[in-house]
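Shown below: data19.cif, with mmCIF, C-alpha atoms.
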```cif
data_my_file
#
loop_
_atom_site.label_atom_id
_atom_site.label_comp_id
_atom_site.auth_asym_id
_atom_site.auth_seq_id
_atom_site.Cartn_x
_atom_site.Cartn_y
_atom_site.Cartn_z
CA MET A 395 35.47 -42.66 -44.49
CA SER A 396 36.35 -40.18 -41.75
CA SER A 397 33.57 -37.90 -40.53
CA ASP A 398 33.00 -35.98 -37.30
CA ARG A 399 29.25 -35.65 -36.63
CA THR A 400 29.53 -34.61 -32.99
CA GLU A 401 27.55 -31.39 -33.38
CA ALA A 402 24.76 -32.98 -35.43
CA LEU A 403 24.41 -35.77 -32.88
CA ARG A 404 24.40 -33.29 -30.01
CA GLU A 405 21.64 -31.26 -31.65
CA ARG A 406 19.60 -34.40 -32.15
CA VAL A 407 19.90 -35.30 -28.46
CA VAL A 408 18.97 -31.77 -27.36
CA ASP A 409 15.89 -31.92 -29.58
CA ALA A 410 14.92 -35.34 -28.20
CA ALA A 411 15.29 -34.01 -24.66
CA GLU A 412 12.95 -31.12 -25.45
CA GLN A 413 10.46 -33.50 -27.05
CA LYS A 414 11.01 -36.14 -24.32
CA SER A 415 11.33 -38.81 -27.00
CA ALA A 416 13.38 -41.99 -26.54
CA LEU A 417 16.38 -42.73 -28.75
CA ALA A 418 17.73 -46.12 -29.85
CA ILE A 419 21.46 -45.77 -30.52
CA THR A 420 22.45 -47.83 -33.55
CA GLY A 421 25.88 -48.48 -35.03
CA GLY A 422 26.49 -51.37 -37.41
CA GLY A 423 23.57 -53.37 -36.01
CA SER A 424 25.74 -56.46 -35.54
CA LYS A 425 24.63 -56.91 -31.92
CA ALA A 426 21.03 -55.74 -32.18
CA PHE A 427 19.99 -59.16 -30.83
CA TYR A 428 21.80 -58.50 -27.54
CA GLY A 429 19.78 -57.32 -24.54
CA ARG A 430 16.07 -56.67 -24.19
CA ALA A 431 13.78 -55.37 -26.91
CA ILE A 432 13.61 -51.56 -26.86
CA GLU A 433 11.52 -48.84 -28.42
CA GLY A 434 12.84 -45.51 -29.57
CA GLU A 435 13.69 -43.42 -32.58
CA ALA A 436 16.84 -44.71 -34.26
CA LEU A 437 19.90 -42.54 -33.70
CA ALA A 438 22.54 -43.79 -36.14
CA ILE A 439 26.21 -43.25 -35.37
CA GLY A 440 27.68 -45.36 -38.18
CA ASP A 441 28.84 -42.33 -40.17
CA HIS A 442 30.50 -40.73 -37.13
CA ALA A 443 33.69 -42.58 -37.98
CA GLY A 444 37.41 -42.46 -38.56
CA VAL A 445 40.69 -43.18 -36.77
CA ILE A 446 41.67 -39.93 -35.03
CA SER A 447 45.15 -40.91 -33.89
CA TYR A 448 47.34 -43.97 -33.73
CA GLU A 449 50.70 -44.13 -32.00
CA PRO A 450 52.21 -47.60 -32.56
CA LYS A 451 55.15 -46.89 -30.24
CA GLU A 452 52.77 -45.79 -27.50
CA LEU A 453 50.42 -48.75 -28.15
CA VAL A 454 47.34 -46.48 -28.27
CA ILE A 455 44.66 -45.94 -30.90
CA THR A 456 41.82 -43.40 -30.77
CA ALA A 457 38.81 -43.63 -33.08
CA ARG A 458 35.27 -42.31 -33.41
CA SER A 459 32.59 -44.70 -32.24
CA GLY A 460 31.22 -45.52 -35.70
CA THR A 461 34.59 -46.74 -36.99
CA PRO A 462 34.29 -50.37 -38.18
CA LEU A 463 36.33 -52.87 -36.19
CA VAL A 464 37.63 -54.33 -39.46
CA GLU A 465 39.16 -50.95 -40.29
CA ILE A 466 40.83 -50.67 -36.89
CA GLU A 467 42.14 -54.22 -37.09
CA LYS A 468 43.58 -53.53 -40.54
CA VAL A 469 45.38 -50.40 -39.33
CA LEU A 470 46.83 -52.29 -36.36
CA ALA A 471 47.85 -55.32 -38.43
CA GLU A 472 50.01 -53.13 -40.65
CA GLN A 473 52.11 -52.42 -37.55
CA GLY A 474 52.03 -55.98 -36.24
CA GLN A 475 49.59 -55.05 -33.46
CA ARG A 476 46.08 -56.09 -32.40
CA LEU A 477 43.18 -55.59 -30.01
CA PRO A 478 44.17 -58.20 -27.40
CA PHE A 479 40.63 -58.72 -26.04
CA GLU A 480 39.51 -60.07 -29.44
CA PRO A 481 36.11 -58.33 -29.67
CA PRO A 482 33.52 -60.42 -31.53
CA ARG A 483 32.12 -58.69 -34.61
CA PHE A 484 29.23 -60.91 -35.81
CA SER A 485 29.28 -58.70 -38.92
CA THR A 486 31.74 -56.64 -40.97
CA LEU A 487 29.63 -53.62 -39.96
CA ALA A 488 30.51 -53.95 -36.27
CA THR A 489 31.89 -50.73 -34.78
CA VAL A 490 34.37 -49.91 -32.03
CA GLY A 491 31.62 -48.02 -30.18
CA GLY A 492 29.47 -51.14 -30.21
CA ALA A 493 32.37 -53.24 -28.97
CA VAL A 494 32.78 -50.95 -25.95
CA ALA A 495 29.03 -50.50 -25.34
CA THR A 496 28.42 -54.27 -25.25
CA GLY A 497 31.66 -55.07 -23.45
CA LEU A 498 32.00 -58.45 -25.19
CA SER A 499 35.40 -60.12 -25.37
CA GLY A 500 36.66 -63.13 -27.30
CA PRO A 501 38.51 -66.37 -26.43
CA ALA A 502 41.59 -64.60 -25.00
CA ARG A 503 39.59 -62.88 -22.24
CA PRO A 504 40.85 -64.90 -19.18
CA TYR A 505 44.49 -64.57 -20.22
CA ALA A 506 44.77 -61.17 -21.93
CA GLY A 507 42.00 -59.21 -20.20
CA SER A 508 38.62 -57.75 -21.14
CA VAL A 509 37.48 -54.74 -23.17
CA ARG A 510 37.21 -52.78 -19.94
CA ASP A 511 40.87 -53.45 -19.13
CA TYR A 512 42.04 -51.76 -22.33
CA VAL A 513 39.76 -48.72 -22.59
CA LEU A 514 41.90 -45.71 -21.66
CA GLY A 515 39.41 -42.94 -22.32
CA ILE A 516 36.14 -41.99 -24.01
CA ARG A 517 34.18 -38.94 -25.13
CA LEU A 518 30.52 -39.28 -24.19
CA LEU A 519 27.38 -37.39 -25.18
CA ASN A 520 25.03 -37.41 -22.20
CA GLY A 521 21.26 -37.03 -22.03
CA SER A 522 21.53 -33.27 -21.50
CA GLY A 523 23.41 -32.78 -24.77
CA GLU A 524 26.77 -32.25 -23.06
CA VAL A 525 29.97 -33.67 -24.54
CA LEU A 526 32.09 -35.07 -21.71
CA ARG A 527 35.60 -36.53 -21.75
CA PHE A 528 36.78 -39.20 -19.34
CA GLY A 529 40.23 -40.73 -19.09
CA GLY A 530 42.84 -40.10 -21.74
CA GLU A 531 45.47 -41.90 -23.80
CA VAL A 532 47.73 -43.24 -21.04
CA MET A 533 47.15 -45.89 -18.38
CA LYS A 534 47.76 -43.65 -15.34
CA ASN A 535 45.19 -40.94 -15.93
CA VAL A 536 42.48 -41.62 -13.38
CA ALA A 537 41.70 -39.20 -10.57
CA GLY A 538 38.63 -40.58 -8.82
CA TYR A 539 36.07 -42.88 -10.41
CA ASP A 540 36.97 -44.42 -13.78
CA VAL A 541 33.91 -43.51 -15.85
CA SER A 542 35.45 -44.94 -19.04
CA ARG A 543 35.26 -48.40 -17.56
CA LEU A 544 31.84 -47.74 -16.11
CA VAL A 545 30.47 -46.95 -19.57
CA THR A 546 32.02 -50.12 -21.01
CA GLY A 547 29.30 -52.75 -21.18
CA SER A 548 26.49 -50.31 -20.31
CA LEU A 549 24.72 -50.84 -23.68
CA GLY A 550 24.35 -47.12 -24.30
CA MET A 551 22.21 -46.67 -21.18
CA LEU A 552 24.39 -43.85 -19.83
CA GLY A 553 25.04 -41.96 -23.03
CA MET A 554 26.33 -42.10 -26.57
CA ILE A 555 29.99 -42.99 -26.97
CA LEU A 556 31.61 -40.55 -29.40
CA GLU A 557 35.27 -41.58 -29.24
CA VAL A 558 37.28 -44.43 -27.75
CA SER A 559 40.97 -44.52 -26.84
CA SER A 560 42.21 -48.08 -26.43
CA LYS A 561 45.48 -49.70 -25.53
CA VAL A 562 46.73 -52.23 -28.10
CA LEU A 563 49.45 -54.90 -27.98
CA PRO A 564 51.90 -56.50 -30.41
CA LYS A 565 50.87 -59.77 -32.01
CA PRO A 566 52.56 -62.77 -30.36
CA GLU A 567 55.70 -64.19 -31.92
CA THR A 568 54.02 -67.53 -32.51
CA GLU A 569 50.71 -69.30 -31.85
CA LEU A 570 49.89 -73.00 -31.63
CA THR A 571 46.62 -74.85 -31.04
CA LEU A 572 46.49 -78.30 -29.43
CA VAL A 573 43.44 -80.55 -29.38
CA SER A 574 42.52 -83.81 -27.63
CA GLU A 575 39.36 -85.80 -26.93
CA CYS A 576 38.10 -85.93 -23.35
CA SER A 577 35.03 -85.38 -21.19
CA SER A 578 33.90 -81.94 -20.06
CA ALA A 579 34.79 -82.78 -16.45
CA THR A 580 38.33 -83.78 -17.43
CA ALA A 581 38.71 -80.66 -19.55
CA ILE A 582 37.62 -78.37 -16.71
CA GLU A 583 40.09 -80.00 -14.32
CA SER A 584 42.91 -79.72 -16.86
CA MET A 585 42.21 -76.09 -17.76
CA ASN A 586 42.24 -75.06 -14.10
CA ARG A 587 45.42 -77.02 -13.39
CA TRP A 588 47.24 -75.43 -16.34
CA ALA A 589 46.02 -71.95 -15.39
CA ALA A 590 47.91 -72.29 -12.10
CA GLN A 591 51.17 -72.92 -13.97
CA PRO A 592 53.42 -70.43 -15.84
CA LEU A 593 52.22 -71.55 -19.28
CA PRO A 594 51.62 -69.23 -22.26
CA LEU A 595 47.91 -69.99 -22.52
CA SER A 596 45.87 -67.61 -24.66
CA ALA A 597 42.59 -69.55 -25.04
CA THR A 598 41.04 -72.80 -23.81
CA CYS A 599 37.64 -74.40 -24.37
CA HIS A 600 35.78 -77.71 -24.59
CA ASP A 601 33.20 -78.10 -27.33
CA GLY A 602 31.44 -81.09 -25.78
CA LYS A 603 33.84 -83.62 -27.26
CA LYS A 604 37.25 -82.05 -27.65
CA LEU A 605 39.53 -79.89 -25.52
CA TRP A 606 41.15 -77.03 -27.44
CA ILE A 607 44.17 -75.12 -26.13
CA ARG A 608 45.83 -72.12 -27.76
CA LEU A 609 49.38 -71.20 -26.81
CA ALA A 610 50.90 -67.83 -27.71
CA GLY A 611 54.28 -66.23 -27.02
CA SER A 612 57.91 -66.89 -27.84
CA GLU A 613 58.76 -70.00 -29.84
CA GLN A 614 60.72 -71.39 -26.89
CA ALA A 615 57.87 -70.90 -24.39
CA VAL A 616 55.27 -72.36 -26.75
CA ALA A 617 57.43 -75.40 -27.52
CA ALA A 618 57.98 -76.09 -23.81
CA ALA A 619 54.26 -75.75 -23.06
CA ARG A 620 53.42 -78.09 -25.91
CA GLN A 621 55.52 -80.79 -24.28
CA GLU A 622 53.89 -80.15 -20.90
CA ILE A 623 50.28 -80.21 -22.17
CA GLY A 624 50.41 -82.81 -24.94
CA GLY A 625 47.70 -83.47 -27.48
CA ASP A 626 47.63 -83.19 -31.25
CA THR A 627 48.52 -80.07 -33.21
CA ALA A 628 45.39 -78.59 -34.82
CA GLU A 629 46.31 -77.26 -38.24
CA GLU A 630 42.95 -75.45 -38.38
CA GLY A 631 43.64 -73.74 -35.03
CA GLY A 632 43.57 -70.17 -36.32
CA THR A 633 40.25 -70.69 -38.07
CA PHE A 634 38.78 -72.49 -35.05
CA TRP A 635 39.34 -69.59 -32.65
CA LEU A 636 38.17 -67.02 -35.17
CA ASP A 637 34.97 -69.03 -35.73
CA LEU A 638 34.47 -69.37 -31.99
CA ARG A 639 34.86 -65.62 -31.54
CA GLU A 640 32.21 -65.05 -34.20
CA GLN A 641 29.99 -67.89 -32.88
CA LYS A 642 29.97 -69.70 -36.21
CA PRO A 643 29.92 -73.32 -34.91
CA ALA A 644 26.53 -75.01 -35.23
CA PHE A 645 26.19 -75.10 -31.43
CA PHE A 646 25.69 -71.33 -31.38
CA ARG A 647 23.52 -71.01 -34.46
CA GLU A 648 21.23 -74.03 -34.52
CA GLY A 649 18.42 -75.28 -32.32
CA PRO A 650 15.21 -73.82 -30.89
CA ALA A 651 16.45 -73.56 -27.30
CA PRO A 652 17.75 -70.17 -26.11
CA LEU A 653 21.52 -69.68 -25.94
CA TRP A 654 22.57 -68.81 -22.39
CA ARG A 655 25.88 -67.38 -21.25
CA LEU A 656 26.79 -68.36 -17.69
CA SER A 657 29.60 -66.75 -15.75
CA VAL A 658 30.67 -69.15 -12.98
CA ARG A 659 33.68 -70.21 -10.91
CA SER A 660 36.12 -71.77 -13.34
CA ALA A 661 36.26 -75.13 -11.50
CA THR A 662 32.46 -75.56 -11.52
CA PRO A 663 31.54 -79.06 -12.78
CA PRO A 664 29.36 -79.41 -15.92
CA THR A 665 25.91 -77.98 -15.18
CA GLY A 666 23.91 -80.88 -16.62
CA LEU A 667 21.22 -78.40 -17.68
CA GLY A 668 21.57 -78.99 -21.42
CA GLN A 669 24.11 -78.94 -24.22
CA GLU A 670 27.14 -77.07 -22.87
CA TRP A 671 30.25 -75.45 -24.38
CA VAL A 672 32.93 -74.70 -21.77
CA ASP A 673 34.90 -71.54 -22.52
CA TRP A 674 37.36 -69.17 -20.86
CA GLY A 675 39.16 -71.91 -18.93
CA GLY A 676 35.87 -73.00 -17.35
CA ALA A 677 34.66 -69.56 -16.24
CA GLN A 678 32.21 -69.07 -19.10
CA ARG A 679 29.61 -71.68 -20.05
CA TRP A 680 27.55 -71.45 -23.20
CA LEU A 681 24.36 -73.39 -22.63
CA ARG A 682 21.55 -74.56 -24.92
CA SER A 683 18.64 -75.41 -22.65
CA GLU A 684 14.86 -75.47 -22.45
CA ARG A 685 15.00 -75.35 -18.66
CA SER A 686 13.21 -72.47 -16.98
CA ASP A 687 14.91 -69.12 -16.49
CA GLN A 688 14.63 -69.55 -12.73
CA GLU A 689 16.35 -72.94 -12.75
CA ILE A 690 19.22 -71.78 -14.93
CA ARG A 691 19.78 -68.61 -12.91
CA ARG A 692 19.61 -70.53 -9.65
CA ALA A 693 22.32 -72.92 -10.90
CA ALA A 694 24.52 -70.01 -11.96
CA ARG A 695 24.03 -68.28 -8.61
CA GLN A 696 24.94 -71.48 -6.72
CA ALA A 697 28.13 -71.64 -8.82
CA GLY A 698 29.06 -68.15 -7.67
CA GLY A 699 28.03 -66.37 -10.83
CA HIS A 700 25.16 -65.18 -13.00
CA ALA A 701 23.28 -66.08 -16.18
CA LEU A 702 22.48 -64.03 -19.28
CA LYS A 703 20.01 -65.04 -22.00
CA PHE A 704 22.35 -64.26 -24.88
CA ARG A 705 20.30 -65.21 -27.95
CA GLY A 706 16.74 -66.31 -28.53
CA GLY A 707 13.97 -66.80 -26.01
CA ASP A 708 11.76 -64.04 -24.63
CA ARG A 709 13.41 -60.64 -25.19
CA GLU A 710 10.62 -58.74 -23.44
CA GLY A 711 11.29 -60.17 -19.99
CA ASP A 712 14.47 -60.48 -17.93
CA VAL A 713 17.48 -61.08 -20.17
CA PHE A 714 20.26 -60.06 -17.80
CA HIS A 715 20.55 -61.61 -14.36
CA PRO A 716 18.18 -59.78 -11.93
CA LEU A 717 19.90 -57.26 -9.67
CA SER A 718 19.69 -57.12 -5.90
CA ALA A 719 17.70 -54.16 -4.55
CA PRO A 720 20.77 -52.11 -3.47
CA VAL A 721 22.56 -52.67 -6.80
CA ALA A 722 19.42 -51.87 -8.78
CA GLN A 723 19.08 -48.60 -6.87
CA PHE A 724 22.71 -47.74 -7.68
CA HIS A 725 22.05 -48.40 -11.38
CA ARG A 726 19.01 -46.10 -11.33
CA ARG A 727 21.00 -43.30 -9.71
CA LEU A 728 23.73 -43.61 -12.34
CA LYS A 729 21.14 -43.55 -15.10
CA ARG A 730 19.56 -40.37 -13.70
CA ALA A 731 22.97 -38.72 -13.37
CA PHE A 732 23.99 -39.31 -16.99
CA ASP A 733 20.59 -39.45 -18.69
CA PRO A 734 18.05 -37.57 -16.52
CA GLN A 735 15.10 -38.03 -18.88
CA GLY A 736 15.85 -41.63 -19.79
CA LEU A 737 16.40 -40.91 -23.49
CA PHE A 738 19.01 -43.51 -24.38
CA ASN A 739 18.12 -47.15 -25.09
CA PRO A 740 15.33 -47.34 -22.49
CA GLY A 741 14.84 -50.84 -21.14
CA ARG A 742 17.58 -52.52 -23.15
CA MET A 743 19.36 -53.79 -20.08
CA TYR A 744 16.60 -53.74 -17.45
CA ALA A 745 12.93 -52.79 -17.78
CA ASP A 746 13.13 -49.85 -15.36
CA LEU A 747 16.32 -48.29 -16.75
#
```
Please rewrite the model in this file as structure tokens.
Amino acid sequence: MSSDRTEALRERVVDAAEQKSALAITGGGSKAFYGRAIEGEALAIGDHAGVISYEPKELVITARSGTPLVEIEKVLAEQGQRLPFEPPRFSTLATVGGAVATGLSGPARPYAGSVRDYVLGIRLLNGSGEVLRFGGEVMKNVAGYDVSRLVTGSLGMLGMILEVSSKVLPKPETELTLVSECSSATAIESMNRWAAQPLPLSATCHDGKKLWIRLAGSEQAVAAARQEIGGDTAEEGGTFWLDLREQKPAFFREGPAPLWRLSVRSATPPTGLGQEWVDWGGAQRWLRSERSDQEIRRAARQAGGHALKFRGGDREGDVFHPLSAPVAQFHRRLKRAFDPQGLFNPGRMYADL
């Protein structure tokens, strides 16, 4: 259902500013687990929905933030197009606003790009009740700082996303998944070696036992890459990558240990900190571990990256990797600029934001 609730939402924010009461922005609730625990009066955007415009020839779609991702994907599929960053849904209620606010991307991320790479423009409701527009519906529209990309992944800390304009791409001519058994170390070496070659890779991971490779492109390019890489054809390939995107494998859902997401240099050897799933060609490590937060973050830092407590564990303490003093100060200044009274999602990313 299409519905523009911009004015009602703006009035609600103005009232909250006068009352100095915190607001917890909620869409479909599919990623409510993500980030720190927050307190605030629920501000639902789920019924602020609808595709505003879609130009298949221009490869651009614009939709209100409460529009379900399943609806957008259906509209694109009818034209043989897709969201190339493969945003995880975790629920049929997931919205496009939530996809941009969390900034999460699926298995294709290292090869196709991230959410941030495809956001062309947004309309944002700030903490003063002002409706602001940043970017547009073409790639070359930026004069100065690209606020659209800044808002992507900010978890609603800077304001409420009202509309999103995103670039889309055609579906590939063909896709093929190859699988072979090997160690994590061998998989990491292979993924990095293949990444340096002109191969049509669109996803690679190692689940602890098997190396999975997805190829996508023209039939000729995929066939040539298949000969180069080797391995068995996985008939269940399409389902495997969809399940990985939605974190359906038991690795992600079972066990008392927190699920960590580590961003590291792609050639980093296995961490040895616990049960590990190597993703994104080696650059993303999903880790099940009872090790201390300090030990896990130290290992990520030594590998040139950072660690995020993705699911489970203490949600009152540090969930995202601690910021350096200068970066933390920059974050606070941005928060004050967009949300002077700290109304939106206080503390969801860091305790003092």
Applying 6 Å and all atoms listed in the file, which residues near stretch 416-428 of chain A remain after dropping the ones on its own chain fewer than 2 positions away? List them as a ChimeraX atom specification. /A:434-440,484-485,487-488,737-739
Which residues, named as in the file, does the PyMOL selection byres ((chain A and resi 445) around 7) pick out? Answer as a ChimeraX atom specification. /A:444,446-447,456-458
Spell out the residues picked by the PyMOL selection byres ((chain A and resi 653) around 8) here, as a PyMOL selection string. chain A and resi 646+651-652+654-655+680-683+703-706
With all atoms listed in the file as the basis for distance, which of A:Trp674, A:Gly515, A:Pro501, A:Pro740 is at the shortest distance from A:Leu636? A:Pro501
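Between atom CA of A:Ile555 and atom CA of A:Val494 there is a distance of 8.5 Å.
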Between atom CA of A:Thr546 and atom CA of A:Ala493, what distance in Å does the model show, to one decimal?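 These two atoms are separated by 8.6 Å.
With only C-alpha atoms as the atoms that count, the residue of A:Glu472, A:Glu569, A:Gln669, A:Ser559 with the shortest distance to A:Ala628 is A:Glu569.
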Ref. answer, residues at most 12 Å from (32.6, -83.9, -16.4) with only C-alpha atoms, as a tab-separated table (two decimals) with C-alpha atoms, in the frame of the given file:
```
chain	number	residue	atom	x	y	z
A	576	CYS	CA	38.10	-85.93	-23.35
A	577	SER	CA	35.03	-85.38	-21.19
A	578	SER	CA	33.90	-81.94	-20.06
A	579	ALA	CA	34.79	-82.78	-16.45
A	580	THR	CA	38.33	-83.78	-17.43
A	581	ALA	CA	38.71	-80.66	-19.55
A	582	ILE	CA	37.62	-78.37	-16.71
A	583	GLU	CA	40.09	-80.00	-14.32
A	584	SER	CA	42.91	-79.72	-16.86
A	600	HIS	CA	35.78	-77.71	-24.59
A	602	GLY	CA	31.44	-81.09	-25.78
A	603	LYS	CA	33.84	-83.62	-27.26
A	661	ALA	CA	36.26	-75.13	-11.50
A	662	THR	CA	32.46	-75.56	-11.52
A	663	PRO	CA	31.54	-79.06	-12.78
A	664	PRO	CA	29.36	-79.41	-15.92
A	665	THR	CA	25.91	-77.98	-15.18
A	666	GLY	CA	23.91	-80.88	-16.62
A	670	GLU	CA	27.14	-77.07	-22.87
A	671	TRP	CA	30.25	-75.45	-24.38
A	672	VAL	CA	32.93	-74.70	-21.77
A	676	GLY	CA	35.87	-73.00	-17.35
```
The PyMOL selection byres ((chain A and resi 513) around 10) resolved against shown file, as a list in words: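 Applying the expression gives Val454, Thr456, Val494, Ser508, Val509, Arg510, Asp511, Tyr512, Leu514, Gly515, Ile516, Gly529, Gly530, Glu531, Val532, Met533, Ser542, Arg543, Val545, Thr546, Val558, Ser559, Ser560, Lys561 and Val562 of chain A.
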Closest to A:Met585 among A:Leu570, A:Ala677, A:Leu453, A:Met551, using all atoms listed in the file?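 Using all atoms listed in the file, the shortest distance to A:Met585 belongs to A:Ala677.
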Mind checking which residues fall within 12 Å of A:His725, counting only C-alpha atoms, ignoring those fewer than 2 positions away in the same chain, and posting them as a compact mmCIF listing (two decimals) with C-alpha atoms, in the coordinates of the input?
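For reference, out20.txt as written:
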```txt
# COMPACT_ATOMS: atom_id res chain seq x y z
CA LEU A 544 31.84 -47.74 -16.11
CA VAL A 545 30.47 -46.95 -19.57
CA SER A 548 26.49 -50.31 -20.31
CA MET A 551 22.21 -46.67 -21.18
CA LEU A 552 24.39 -43.85 -19.83
CA LEU A 717 19.90 -57.26 -9.67
CA SER A 718 19.69 -57.12 -5.90
CA ALA A 719 17.70 -54.16 -4.55
CA PRO A 720 20.77 -52.11 -3.47
CA VAL A 721 22.56 -52.67 -6.80
CA ALA A 722 19.42 -51.87 -8.78
CA GLN A 723 19.08 -48.60 -6.87
CA ARG A 727 21.00 -43.30 -9.71
CA LEU A 728 23.73 -43.61 -12.34
CA LYS A 729 21.14 -43.55 -15.10
CA ARG A 730 19.56 -40.37 -13.70
CA ALA A 731 22.97 -38.72 -13.37
CA PHE A 732 23.99 -39.31 -16.99
CA ASP A 733 20.59 -39.45 -18.69
CA MET A 743 19.36 -53.79 -20.08
CA TYR A 744 16.60 -53.74 -17.45
CA ALA A 745 12.93 -52.79 -17.78
CA ASP A 746 13.13 -49.85 -15.36
CA LEU A 747 16.32 -48.29 -16.75
```
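In terms of minimum interatomic distance to A:Gly460, A:Met554 ranks closest within A:Met554, A:Leu498, A:Ala618, A:Val713, counting all atoms listed in the file.
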Separation of atom CA of A:Arg709 from atom CA of A:Ser686 in Å: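 According to the coordinates, atom CA of A:Ser686 and atom CA of A:Arg709 are separated by 14.4 Å.
Around the coordinate (54.6, -50.7, -31.9), residues that reach within 8 Å when counting all atoms listed in the file are Glu449, Pro450, Lys451, Glu452, Leu453, Gln473, Gly474, Gln475, Leu563 and Pro564 of chain A.
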Calculate, to one decimal in Å, the centre and edge lengths of the box along x, y and z of the file that holds all listed atoms of stretch 466-475 of chain A with 5 Å of margin on each side, and present them as lines of an AutoDock Vina configuration file.
```
center_x = 46.5
center_y = -53.2
center_z = -37.1
size_x = 21.3
size_y = 15.6
size_z = 17.2
```
